[in-house]
>>> print(open('my_file.cif').read())   # mmCIF, C-alpha atoms and all ligand atoms
data_data
#
loop_
_atom_site.group_PDB
_atom_site.id
_atom_site.type_symbol
_atom_site.label_atom_id
_atom_site.label_comp_id
_atom_site.auth_asym_id
_atom_site.auth_seq_id
_atom_site.Cartn_x
_atom_site.Cartn_y
_atom_site.Cartn_z
ATOM 1 C CA MET A 1 173.373 116.335 88.343
ATOM 2 C CA ALA A 2 173.390 119.538 86.321
ATOM 3 C CA LEU A 3 176.395 120.904 88.222
ATOM 4 C CA ILE A 4 179.575 122.237 86.676
ATOM 5 C CA GLN A 5 182.156 119.531 86.187
ATOM 6 C CA PRO A 6 184.550 120.311 89.085
ATOM 7 C CA VAL A 7 181.689 120.304 91.602
ATOM 8 C CA ARG A 8 180.181 117.170 90.104
ATOM 9 C CA GLU A 9 183.531 115.411 90.304
ATOM 10 C CA LEU A 10 184.036 116.572 93.876
ATOM 11 C CA LEU A 11 180.704 115.070 94.921
ATOM 12 C CA GLU A 12 181.264 111.913 92.882
ATOM 13 C CA GLN A 13 184.460 111.325 94.861
ATOM 14 C CA GLU A 14 182.221 111.307 97.925
ATOM 15 C CA ARG A 15 179.777 108.941 96.174
ATOM 16 C CA ILE A 16 177.085 111.626 96.343
ATOM 17 C CA GLU A 17 175.083 111.338 93.145
ATOM 18 C CA CYS A 18 172.055 113.497 93.920
ATOM 19 C CA ALA A 19 172.612 117.206 94.490
ATOM 20 C CA ALA A 20 171.113 120.391 93.118
ATOM 21 C CA PRO A 21 171.478 124.151 93.638
ATOM 22 C CA LEU A 22 168.628 126.340 94.734
ATOM 23 C CA PRO A 23 168.329 130.144 94.802
ATOM 24 C CA SER A 24 168.079 131.133 98.435
ATOM 25 C CA GLY A 25 164.972 133.208 97.654
ATOM 26 C CA LEU A 26 163.011 129.955 97.229
ATOM 27 C CA CYS A 27 163.705 128.935 100.828
ATOM 28 C CA ARG A 28 162.387 130.677 103.863
ATOM 29 C CA ILE A 29 165.304 131.130 106.227
ATOM 30 C CA ARG A 30 163.662 130.138 109.514
ATOM 31 C CA ASP A 31 166.637 130.891 111.683
ATOM 32 C CA PRO A 32 168.841 133.695 110.259
ATOM 33 C CA ALA A 33 170.807 133.828 113.538
ATOM 34 C CA LYS A 34 172.275 130.413 112.724
ATOM 35 C CA LEU A 35 173.639 131.783 109.479
ATOM 36 C CA GLU A 36 174.906 134.963 111.119
ATOM 37 C CA ARG A 37 176.841 132.876 113.617
ATOM 38 C CA ARG A 38 178.477 131.156 110.662
ATOM 39 C CA GLY A 39 179.496 134.408 108.977
ATOM 40 C CA PHE A 40 176.508 135.214 106.744
ATOM 41 C CA PRO A 41 174.922 138.612 107.559
ATOM 42 C CA GLU A 42 171.177 138.648 106.885
ATOM 43 C CA GLY A 43 170.417 138.628 103.157
ATOM 44 C CA SER A 44 173.913 137.607 102.096
ATOM 45 C CA VAL A 45 173.148 133.964 101.251
ATOM 46 C CA ARG A 46 172.400 133.743 97.533
ATOM 47 C CA SER A 47 172.348 130.018 96.874
ATOM 48 C CA ILE A 48 172.064 126.691 98.638
ATOM 49 C CA LEU A 49 173.467 123.435 97.301
ATOM 50 C CA ILE A 50 171.158 120.650 98.484
ATOM 51 C CA LEU A 51 172.791 117.248 99.006
ATOM 52 C CA LEU A 52 170.924 113.990 99.267
ATOM 53 C CA VAL A 53 172.925 111.324 101.082
ATOM 54 C CA PRO A 54 171.595 107.750 101.037
ATOM 55 C CA TYR A 55 172.243 105.603 104.096
ATOM 56 C CA HIS A 56 170.440 102.268 103.699
ATOM 57 C CA PRO A 57 173.114 99.543 103.521
ATOM 58 C CA GLY A 58 170.842 97.146 101.613
ATOM 59 C CA LYS A 59 168.287 94.549 102.647
ATOM 60 C CA ALA A 60 170.956 91.894 103.250
ATOM 61 C CA ALA A 61 172.449 94.090 105.995
ATOM 62 C CA VAL A 62 169.164 94.260 107.909
ATOM 63 C CA PRO A 63 168.765 91.057 109.959
ATOM 64 C CA PRO A 64 165.278 90.002 111.064
ATOM 65 C CA ASP A 65 166.253 90.446 114.711
ATOM 66 C CA ARG A 66 167.569 94.000 114.355
ATOM 67 C CA ASN A 67 166.347 96.342 117.038
ATOM 68 C CA LEU A 68 167.718 99.653 115.826
ATOM 69 C CA SER A 69 166.408 101.932 113.139
ATOM 70 C CA VAL A 70 168.476 101.569 109.980
ATOM 71 C CA TYR A 71 169.750 105.152 110.139
ATOM 72 C CA ALA A 72 171.397 104.272 113.474
ATOM 73 C CA PHE A 73 173.239 101.135 112.268
ATOM 74 C CA SER A 74 176.373 102.999 111.228
ATOM 75 C CA ARG A 75 178.485 105.460 113.183
ATOM 76 C CA ASP A 76 176.575 108.683 113.815
ATOM 77 C CA TYR A 77 175.729 110.469 110.571
ATOM 78 C CA HIS A 78 176.708 113.777 112.171
ATOM 79 C CA LEU A 79 180.295 112.490 112.090
ATOM 80 C CA PHE A 80 179.925 111.711 108.408
ATOM 81 C CA PHE A 81 178.760 115.230 107.641
ATOM 82 C CA ARG A 82 181.459 116.821 109.784
ATOM 83 C CA GLU A 83 184.078 114.863 107.860
ATOM 84 C CA LEU A 84 182.355 115.486 104.517
ATOM 85 C CA PHE A 85 182.193 119.254 104.992
ATOM 86 C CA GLY A 86 185.790 119.219 106.213
ATOM 87 C CA ARG A 87 186.754 117.809 102.825
ATOM 88 C CA ILE A 88 184.432 119.555 100.371
ATOM 89 C CA ILE A 89 184.253 123.127 101.761
ATOM 90 C CA PRO A 90 187.992 123.812 101.230
ATOM 91 C CA SER A 91 187.680 122.344 97.709
ATOM 92 C CA LEU A 92 184.683 124.563 96.927
ATOM 93 C CA SER A 93 186.649 127.584 98.131
ATOM 94 C CA GLN A 94 189.335 126.654 95.602
ATOM 95 C CA ILE A 95 186.824 126.166 92.790
ATOM 96 C CA TYR A 96 185.135 129.489 93.608
ATOM 97 C CA PRO A 97 187.761 131.815 95.136
ATOM 98 C CA GLY A 98 186.368 134.749 97.087
ATOM 99 C CA TYR A 99 183.047 133.111 97.994
ATOM 100 C CA ARG A 100 181.946 131.728 101.317
ATOM 101 C CA PHE A 101 180.573 128.206 101.966
ATOM 102 C CA GLU A 102 179.070 126.724 105.124
ATOM 103 C CA GLY A 103 177.654 123.226 105.543
ATOM 104 C CA PHE A 104 174.582 122.278 107.542
ATOM 105 C CA SER A 105 172.830 119.007 108.175
ATOM 106 C CA ASP A 106 169.939 118.164 110.465
ATOM 107 C CA ASN A 107 170.126 121.446 112.410
ATOM 108 C CA SER A 108 169.468 123.518 109.303
ATOM 109 C CA PRO A 109 168.197 127.122 109.123
ATOM 110 C CA ILE A 110 165.706 126.073 106.394
ATOM 111 C CA SER A 111 163.088 123.361 105.891
ATOM 112 C CA GLU A 112 165.329 120.742 104.330
ATOM 113 C CA GLN A 113 162.558 118.555 102.955
ATOM 114 C CA TYR A 114 160.794 121.451 101.252
ATOM 115 C CA ALA A 115 164.048 122.759 99.787
ATOM 116 C CA ALA A 116 164.953 119.310 98.440
ATOM 117 C CA ALA A 117 161.529 118.992 96.828
ATOM 118 C CA CYS A 118 161.913 122.452 95.216
ATOM 119 C CA ALA A 119 165.282 121.335 93.852
ATOM 120 C CA GLY A 120 163.612 118.283 92.278
ATOM 121 C CA LEU A 121 165.449 115.769 94.468
ATOM 122 C CA GLY A 122 162.315 113.980 95.657
ATOM 123 C CA VAL A 123 158.688 114.214 96.649
ATOM 124 C CA LEU A 124 157.240 115.215 100.003
ATOM 125 C CA GLY A 125 155.858 112.111 101.687
ATOM 126 C CA ASP A 126 152.827 112.084 103.948
ATOM 127 C CA ASN A 127 155.185 110.486 106.494
ATOM 128 C CA GLY A 128 157.040 113.805 106.699
ATOM 129 C CA LEU A 129 160.073 112.588 104.785
ATOM 130 C CA ILE A 130 161.568 113.436 101.426
ATOM 131 C CA ILE A 131 161.332 110.433 99.095
ATOM 132 C CA SER A 132 163.837 110.246 96.281
ATOM 133 C CA ARG A 133 163.321 108.242 93.125
ATOM 134 C CA ARG A 134 166.544 106.285 93.553
ATOM 135 C CA TYR A 135 167.066 105.827 97.281
ATOM 136 C CA GLY A 136 163.533 106.225 98.588
ATOM 137 C CA SER A 137 163.237 107.959 101.933
ATOM 138 C CA TYR A 138 166.406 106.361 103.316
ATOM 139 C CA VAL A 139 168.339 109.575 102.835
ATOM 140 C CA PHE A 140 169.859 112.321 104.908
ATOM 141 C CA LEU A 141 169.659 115.872 103.662
ATOM 142 C CA ALA A 142 172.409 118.433 103.955
ATOM 143 C CA GLU A 143 173.062 121.861 102.522
ATOM 144 C CA VAL A 144 175.953 124.089 101.576
ATOM 145 C CA PHE A 145 174.985 127.737 102.014
ATOM 146 C CA SER A 146 176.862 130.307 99.944
ATOM 147 C CA ASP A 147 176.986 133.856 98.672
ATOM 148 C CA LEU A 148 177.663 132.364 95.245
ATOM 149 C CA PRO A 149 175.089 133.311 92.558
ATOM 150 C CA PRO A 150 172.917 130.211 91.976
ATOM 151 C CA ASP A 151 173.811 129.742 88.318
ATOM 152 C CA ARG A 152 177.529 129.486 89.151
ATOM 153 C CA TRP A 153 176.826 125.971 90.499
ATOM 154 C CA GLY A 154 175.478 124.867 87.128
ATOM 155 C CA GLU A 155 172.019 124.685 85.641
ATOM 156 C CA VAL A 156 169.353 125.672 88.165
ATOM 157 C CA ARG A 157 166.187 123.597 87.738
ATOM 158 C CA THR A 158 163.512 124.295 90.274
ATOM 159 C CA VAL A 159 160.116 122.630 90.387
ATOM 160 C CA PRO A 160 156.898 123.151 92.315
ATOM 161 C CA PRO A 161 157.209 120.671 95.228
ATOM 162 C CA GLN A 162 155.544 117.362 94.385
ATOM 163 C CA THR A 163 153.845 115.116 96.901
ATOM 164 C CA CYS A 164 153.655 111.326 97.310
ATOM 165 C CA LEU A 165 150.893 108.868 96.373
ATOM 166 C CA HIS A 166 148.818 109.562 99.503
ATOM 167 C CA CYS A 167 148.175 105.810 99.644
ATOM 168 C CA GLY A 168 147.897 105.782 103.454
ATOM 169 C CA ALA A 169 150.189 102.766 103.920
ATOM 170 C CA CYS A 170 152.502 104.704 106.244
ATOM 171 C CA ARG A 171 149.592 105.817 108.404
ATOM 172 C CA ASP A 172 148.206 102.285 108.595
ATOM 173 C CA ALA A 173 151.613 100.837 109.524
ATOM 174 C CA CYS A 174 152.293 103.356 112.262
ATOM 175 C CA PRO A 175 152.146 101.767 115.724
ATOM 176 C CA MET A 176 150.770 104.955 117.193
ATOM 177 C CA ASN A 177 147.739 104.847 114.905
ATOM 178 C CA ARG A 178 147.169 101.128 115.406
ATOM 179 C CA GLU A 179 146.600 101.576 119.107
ATOM 180 C CA GLN A 180 143.009 102.025 120.300
ATOM 181 C CA PRO A 181 142.724 104.788 121.263
ATOM 182 C CA PRO A 182 145.640 106.019 119.120
ATOM 183 C CA CYS A 183 148.781 107.005 121.039
ATOM 184 C CA ARG A 184 150.206 110.454 120.678
ATOM 185 C CA GLY A 185 153.539 111.202 119.042
ATOM 186 C CA CYS A 186 156.001 108.901 117.346
ATOM 187 C CA LEU A 187 157.642 105.759 118.697
ATOM 188 C CA SER A 188 160.991 106.895 117.349
ATOM 189 C CA GLU A 189 160.784 110.044 119.435
ATOM 190 C CA LEU A 190 159.648 108.105 122.501
ATOM 191 C CA THR A 191 162.718 105.867 122.362
ATOM 192 C CA GLN A 192 164.851 109.008 122.480
ATOM 193 C CA LYS A 193 163.212 110.548 125.521
ATOM 194 C CA LYS A 194 165.369 110.871 128.623
ATOM 195 C CA LYS A 195 162.463 110.766 131.058
ATOM 196 C CA ASP A 196 158.704 111.091 131.425
ATOM 197 C CA LEU A 197 157.995 108.140 129.143
ATOM 198 C CA PRO A 198 154.270 107.712 128.518
ATOM 199 C CA GLU A 199 153.101 104.566 130.283
ATOM 200 C CA GLU A 200 152.476 102.683 127.043
ATOM 201 C CA THR A 201 156.092 103.073 125.848
ATOM 202 C CA PRO A 202 157.558 99.859 127.351
ATOM 203 C CA ALA A 203 154.783 97.820 125.739
ATOM 204 C CA LEU A 204 155.449 99.520 122.395
ATOM 205 C CA ILE A 205 159.206 98.884 122.679
ATOM 206 C CA ARG A 206 158.561 95.213 123.399
ATOM 207 C CA HIS A 207 155.914 94.686 120.790
ATOM 208 C CA TYR A 208 157.793 96.415 117.979
ATOM 209 C CA ARG A 209 161.182 95.092 119.100
ATOM 210 C CA THR A 210 162.996 98.404 118.926
ATOM 211 C CA VAL A 211 165.430 100.050 121.283
ATOM 212 C CA TRP A 212 166.041 103.097 119.077
ATOM 213 C CA GLY A 213 163.921 104.551 116.314
ATOM 214 C CA CYS A 214 161.196 103.091 114.161
ATOM 215 C CA ASP A 215 161.189 102.400 110.434
ATOM 216 C CA LEU A 216 157.657 101.084 110.025
ATOM 217 C CA CYS A 217 156.265 104.001 108.012
ATOM 218 C CA GLN A 218 159.256 103.838 105.705
ATOM 219 C CA GLU A 219 159.059 100.075 105.281
ATOM 220 C CA ALA A 220 155.387 100.305 104.359
ATOM 221 C CA CYS A 221 155.897 102.965 101.708
ATOM 222 C CA PRO A 222 155.577 101.624 98.156
ATOM 223 C CA LEU A 223 157.969 104.311 96.963
ATOM 224 C CA ASN A 224 160.668 102.573 99.005
ATOM 225 C CA ALA A 225 160.121 99.156 97.448
ATOM 226 C CA ALA A 226 162.959 99.503 94.944
ATOM 227 C CA ALA A 227 165.205 101.804 96.983
ATOM 228 C CA GLU A 228 168.847 101.220 96.114
ATOM 229 C CA PRO A 229 171.499 100.620 98.784
ATOM 230 C CA THR A 230 173.885 103.426 99.632
ATOM 231 C CA PRO A 231 177.167 103.501 97.709
ATOM 232 C CA ILE A 232 178.827 105.413 100.582
ATOM 233 C CA PRO A 233 181.310 103.281 102.593
ATOM 234 C CA PHE A 234 180.619 105.145 105.874
ATOM 235 C CA PHE A 235 177.076 103.748 105.900
ATOM 236 C CA GLN A 236 178.129 100.240 104.855
ATOM 237 C CA THR A 237 180.736 99.524 107.519
ATOM 238 C CA ASP A 238 180.985 99.136 111.295
ATOM 239 C CA LEU A 239 177.256 98.449 111.482
ATOM 240 C CA ILE A 240 175.358 97.541 114.640
ATOM 241 C CA PRO A 241 171.866 96.416 113.647
ATOM 242 C CA ARG A 242 171.095 94.762 116.973
ATOM 243 C CA LEU A 243 172.075 96.183 120.323
ATOM 244 C CA THR A 244 172.232 93.998 123.429
ATOM 245 C CA SER A 245 173.050 94.969 126.995
ATOM 246 C CA GLU A 246 176.226 92.931 126.688
ATOM 247 C CA ARG A 247 177.300 94.926 123.585
ATOM 248 C CA LEU A 248 176.271 98.222 125.163
ATOM 249 C CA ASN A 249 178.170 97.519 128.373
ATOM 250 C CA ARG A 250 181.309 96.847 126.349
ATOM 251 C CA MET A 251 181.121 100.235 124.650
ATOM 252 C CA THR A 252 183.272 103.015 126.076
ATOM 253 C CA GLU A 253 181.752 106.481 126.460
ATOM 254 C CA GLU A 254 183.719 107.579 123.417
ATOM 255 C CA GLU A 255 182.375 104.707 121.301
ATOM 256 C CA LEU A 256 178.852 105.432 122.482
ATOM 257 C CA SER A 257 179.202 109.123 121.625
ATOM 258 C CA GLU A 258 179.947 108.106 118.039
ATOM 259 C CA ARG A 259 176.583 106.390 117.639
ATOM 260 C CA ALA A 260 173.243 108.030 116.914
ATOM 261 C CA PHE A 261 171.683 105.906 119.668
ATOM 262 C CA GLY A 262 174.168 107.434 122.117
ATOM 263 C CA TRP A 263 173.399 111.082 121.522
ATOM 264 C CA ARG A 264 171.078 111.277 124.527
ATOM 265 C CA GLY A 265 173.677 109.606 126.740
ATOM 266 C CA ARG A 266 173.872 106.059 128.049
ATOM 267 C CA LYS A 267 170.790 106.041 130.266
ATOM 268 C CA PRO A 268 167.966 106.228 127.679
ATOM 269 C CA ILE A 269 169.408 103.570 125.380
ATOM 270 C CA ALA A 270 170.325 101.322 128.339
ATOM 271 C CA ARG A 271 166.770 101.701 129.672
ATOM 272 C CA ASN A 272 165.288 100.711 126.302
ATOM 273 C CA VAL A 273 167.567 97.683 125.980
ATOM 274 C CA ALA A 274 166.650 96.615 129.518
ATOM 275 C CA ILE A 275 162.933 96.950 128.704
ATOM 276 C CA LEU A 276 163.321 94.776 125.630
ATOM 277 C CA GLU A 277 165.529 92.155 127.259
ATOM 278 C CA ALA A 278 163.237 91.862 130.248
ATOM 279 C CA SER A 279 160.589 90.478 127.967
ATOM 280 C CA PRO A 280 160.251 87.316 125.907
ATOM 281 C CA ASP A 281 159.290 87.725 122.229
ATOM 282 C CA THR A 282 155.632 87.510 123.039
ATOM 283 C CA VAL A 283 154.562 89.660 125.897
ATOM 284 C CA SER A 284 151.414 88.726 127.638
ATOM 285 C CA GLY A 285 149.440 91.599 128.997
ATOM 286 C CA SER A 286 150.860 94.029 126.438
ATOM 287 C CA SER A 287 148.393 96.607 125.277
ATOM 288 C CA VAL A 288 149.745 96.467 121.731
HETATM 289 S S1 LIG A 301 158.568 106.375 112.786
HETATM 290 FE FE1 LIG A 301 157.146 104.758 113.487
HETATM 291 S S2 LIG A 301 155.946 105.725 115.125
HETATM 292 FE FE2 LIG A 301 156.972 107.373 113.990
HETATM 293 S S3 LIG A 301 155.488 108.010 112.431
HETATM 294 FE FE3 LIG A 301 156.765 106.416 111.458
HETATM 295 S S4 LIG A 301 155.687 104.479 111.844
HETATM 296 FE FE4 LIG A 301 154.813 106.015 113.231
HETATM 297 S S1 LIG A 302 153.195 105.194 102.305
HETATM 298 FE FE1 LIG A 302 151.916 106.186 100.729
HETATM 299 S S2 LIG A 302 151.102 107.990 101.789
HETATM 300 FE FE2 LIG A 302 152.838 107.291 103.000
HETATM 301 S S3 LIG A 302 154.608 108.467 102.252
HETATM 302 FE FE3 LIG A 302 154.563 106.547 101.092
HETATM 303 S S4 LIG A 302 153.389 107.036 99.243
HETATM 304 FE FE4 LIG A 302 152.967 108.665 100.729
#
>>> encode(input="my_file.cif", output="structure tokens")
Amino acid sequence: MALIQPVRELLEQERIECAAPLPSGLCRIRDPAKLERRGFPEGSVRSILILLVPYHPGKAAVPPDRNLSVYAFSRDYHLFFRELFGRIIPSLSQIYPGYRFEGFSDNSPISEQYAAACAGLGVLGDNGLIISRRYGSYVFLAEVFSDLPPDRWGEVRTVPPQTCLHCGACRDACPMNREQPPCRGCLSELTQKKKDLPEETPALIRHYRTVWGCDLCQEACPLNAAAEPTPIPFFQTDLIPRLTSERLNRMTEEELSERAFGWRGRKPIARNVAILEASPDTVSGSSV
């Protein structure tokens, strides 16, 4: 990290080792209203600190019978970022008095993957994900927007966005492409739908043994082969890799709301678990 020492130390306390500043002019602000609501009049953002947050807890923490996507093993990453920004934004305001800082993750006003690639934090994968050298694609992206001049963060190194190997392994591994004729969309998105599931979805859930998400394109990617586990305790503890109806029924609404698989409410995840549990490992008559 080419950041000034106090910022580097602040992020190291959070076990965040990959971060880089970007001049805001390199990012197209897709949704300026989001920034205005957070106190940045149009044109006032001058820099964006891009954070790369690894979440994979390591291969040993992924049992063969898991049925959740790895990103959903831990408590909801939105909670992590809320807590993270609650700690680092006041510290940044002390390091840089008089400047404004606002944190975003997921629901960002910019294209996070493109910005991270411009900041040299990874390459743009054909699977739509940013792929970092150290943690592969098992990363969340987040940003701190500021009116701070970019070079006040430290050395600004921007690069033309690089792309992946284009090897096609992610495309070949994708369940939606393996179907004949190919299915539309993404299995991960299907598992999150509240209603109007395409008719093939139950067969896909059973065949690929997932009740939430899908990691197949990530697991097939050669750039993920040597991905390191996260050093961040939040993503190493309180993990649920396999969800059963018995476990789900024991969860209070509050506990469920703290899980990524609960963000659509209880019904969609309960439906998916019921679909999976209604079926033996090998499903006769499945179309997949
Ligand atoms: S998450 Fe799964 S279904 Fe979605 S693109 Fe990747 S492999 Fe395909
Ligand atoms: S599997 Fe190959 S094509 Fe797909 S993202 Fe990885 S390197 Fe790129």
>>> atom_distance(input="my_file.cif", atom1="atom CA of Gly120 of chain A", atom2="atom CA of Pro161 of chain A")
7.4 Å
>>> residues_near_ligand(input="my_file.cif", ligand="ligand LIG 302 (chain A)", cutoff="7 Å", atoms="all atoms listed in the file", output="ChimeraX atom specification")
/A:125-127,164-171,217,220-223
>>> closest_atom_pairs(input="my_file.cif", of="chain A", to="ligand LIG 301 (chain A)", cutoff="7 Å", atoms="all atoms listed in the file", output="CSV")
residue,atom,partner,partner_atom,distance
A:Asn127,CA,A:LIG301,S3,6.4
A:Cys170,CA,A:LIG301,S4,6.4
A:Ala173,CA,A:LIG301,S4,5.9
A:Cys174,CA,A:LIG301,S4,3.6
A:Pro175,CA,A:LIG301,S2,5.5
A:Met176,CA,A:LIG301,S2,5.6
A:Cys186,CA,A:LIG301,FE2,3.8
A:Leu187,CA,A:LIG301,S2,4.0
A:Ser188,CA,A:LIG301,S1,5.2
A:Gly213,CA,A:LIG301,S1,6.7
A:Cys214,CA,A:LIG301,S1,4.4
A:Asp215,CA,A:LIG301,S1,5.3
A:Leu216,CA,A:LIG301,S4,4.3
A:Cys217,CA,A:LIG301,S4,3.9
A:Gln218,CA,A:LIG301,FE3,6.8
>>> atom_distance(input="my_file.cif", atom1="atom CA of Ala142 of chain A", atom2="atom CA of Leu52 of chain A")
6.6 Å
>>> closest_atom_pairs(input="my_file.cif", of="segment 94-169 of chain A", to="segment 36-47 of chain A", cutoff="6 Å", atoms="all atoms listed in the file", output="tab-separated table")
residue	atom	partner	partner_atom	distance
A:Ser146	CA	A:Val45	CA	5.4
A:Asp147	CA	A:Val45	CA	4.6
A:Leu148	CA	A:Arg46	CA	5.9
A:Pro149	CA	A:Arg46	CA	5.7
A:Pro150	CA	A:Ser47	CA	4.9
>>> closest_residue(input="my_file.cif", among="A:Leu129, A:Ala203, A:Leu190, A:Ala72", to="Gly262 of chain A", atoms="all atoms listed in the file")
A:Ala72
>>> residues_near_point(input="my_file.cif", point="(168.7, 90.4, 126.8)", cutoff="12 Å", atoms="all atoms listed in the file", output="PyMOL selection string")
chain A and resi 67+206+209+211+242-249+270-281
>>> residues_around(input="my_file.cif", residues="segment 91-93 of chain A", least_positions_apart="5", cutoff="10 Å", atoms="all atoms listed in the file", output="PyMOL selection string")
chain A and resi 6-7+10+85-86+98-101+144
>>> decode(input="my_file.cif", residues="segment 223-230 of chain A", atoms="all heavy atoms", output="PDB file, in the first residue's frame")
ATOM      1  N   LEU A 223      -7.113 -18.336 -11.565  1.00  0.00           N
ATOM      2  CA  LEU A 223      -6.528 -17.233 -10.797  1.00  0.00           C
ATOM      3  C   LEU A 223      -6.929 -17.297  -9.327  1.00  0.00           C
ATOM      4  O   LEU A 223      -6.437 -16.532  -8.500  1.00  0.00           O
ATOM      5  CB  LEU A 223      -6.943 -15.890 -11.404  1.00  0.00           C
ATOM      6  CG  LEU A 223      -6.484 -15.658 -12.847  1.00  0.00           C
ATOM      7  CD1 LEU A 223      -6.973 -14.311 -13.365  1.00  0.00           C
ATOM      8  CD2 LEU A 223      -4.970 -15.741 -12.962  1.00  0.00           C
ATOM      9  N   ASN A 224      -7.824 -18.231  -9.002  1.00  0.00           N
ATOM     10  CA  ASN A 224      -8.206 -18.423  -7.598  1.00  0.00           C
ATOM     11  C   ASN A 224      -7.470 -19.598  -6.957  1.00  0.00           C
ATOM     12  O   ASN A 224      -7.658 -19.861  -5.768  1.00  0.00           O
ATOM     13  CB  ASN A 224      -9.715 -18.686  -7.486  1.00  0.00           C
ATOM     14  CG  ASN A 224     -10.508 -17.394  -7.393  1.00  0.00           C
ATOM     15  OD1 ASN A 224      -9.963 -16.352  -7.044  1.00  0.00           O
ATOM     16  ND2 ASN A 224     -11.786 -17.468  -7.713  1.00  0.00           N
ATOM     17  N   ALA A 225      -6.658 -20.294  -7.745  1.00  0.00           N
ATOM     18  CA  ALA A 225      -6.080 -21.546  -7.242  1.00  0.00           C
ATOM     19  C   ALA A 225      -5.242 -21.330  -5.985  1.00  0.00           C
ATOM     20  O   ALA A 225      -5.249 -22.167  -5.081  1.00  0.00           O
ATOM     21  CB  ALA A 225      -5.235 -22.190  -8.341  1.00  0.00           C
ATOM     22  N   ALA A 226      -4.527 -20.215  -5.932  1.00  0.00           N
ATOM     23  CA  ALA A 226      -3.649 -19.981  -4.777  1.00  0.00           C
ATOM     24  C   ALA A 226      -4.158 -18.844  -3.900  1.00  0.00           C
ATOM     25  O   ALA A 226      -3.386 -18.201  -3.186  1.00  0.00           O
ATOM     26  CB  ALA A 226      -2.237 -19.680  -5.261  1.00  0.00           C
ATOM     27  N   ALA A 227      -5.470 -18.599  -3.965  1.00  0.00           N
ATOM     28  CA  ALA A 227      -6.037 -17.495  -3.160  1.00  0.00           C
ATOM     29  C   ALA A 227      -5.794 -17.746  -1.677  1.00  0.00           C
ATOM     30  O   ALA A 227      -6.000 -18.848  -1.175  1.00  0.00           O
ATOM     31  CB  ALA A 227      -7.532 -17.372  -3.438  1.00  0.00           C
ATOM     32  N   GLU A 228      -5.333 -16.713  -0.992  1.00  0.00           N
ATOM     33  CA  GLU A 228      -5.044 -16.844   0.439  1.00  0.00           C
ATOM     34  C   GLU A 228      -6.327 -16.652   1.253  1.00  0.00           C
ATOM     35  O   GLU A 228      -7.224 -15.911   0.848  1.00  0.00           O
ATOM     36  CB  GLU A 228      -4.040 -15.769   0.873  1.00  0.00           C
ATOM     37  CG  GLU A 228      -2.669 -15.949   0.292  1.00  0.00           C
ATOM     38  CD  GLU A 228      -1.712 -14.853   0.736  1.00  0.00           C
ATOM     39  OE1 GLU A 228      -1.885 -14.302   1.844  1.00  0.00           O
ATOM     40  OE2 GLU A 228      -0.799 -14.555  -0.036  1.00  0.00           O
ATOM     41  N   PRO A 229      -6.383 -17.294   2.432  1.00  0.00           N
ATOM     42  CA  PRO A 229      -7.542 -17.078   3.307  1.00  0.00           C
ATOM     43  C   PRO A 229      -7.549 -15.660   3.865  1.00  0.00           C
ATOM     44  O   PRO A 229      -6.517 -15.011   3.941  1.00  0.00           O
ATOM     45  CB  PRO A 229      -7.341 -18.088   4.442  1.00  0.00           C
ATOM     46  CG  PRO A 229      -6.141 -18.876   4.123  1.00  0.00           C
ATOM     47  CD  PRO A 229      -5.425 -18.249   2.983  1.00  0.00           C
ATOM     48  N   THR A 230      -8.729 -15.218   4.249  1.00  0.00           N
ATOM     49  CA  THR A 230      -8.845 -13.880   4.842  1.00  0.00           C
ATOM     50  C   THR A 230      -8.130 -13.826   6.192  1.00  0.00           C
ATOM     51  O   THR A 230      -8.210 -14.777   6.972  1.00  0.00           O
ATOM     52  CB  THR A 230     -10.323 -13.501   5.041  1.00  0.00           C
ATOM     53  OG1 THR A 230     -10.390 -12.197   5.619  1.00  0.00           O
ATOM     54  CG2 THR A 230     -11.077 -14.478   5.918  1.00  0.00           C
TER      55      THR A 230
END
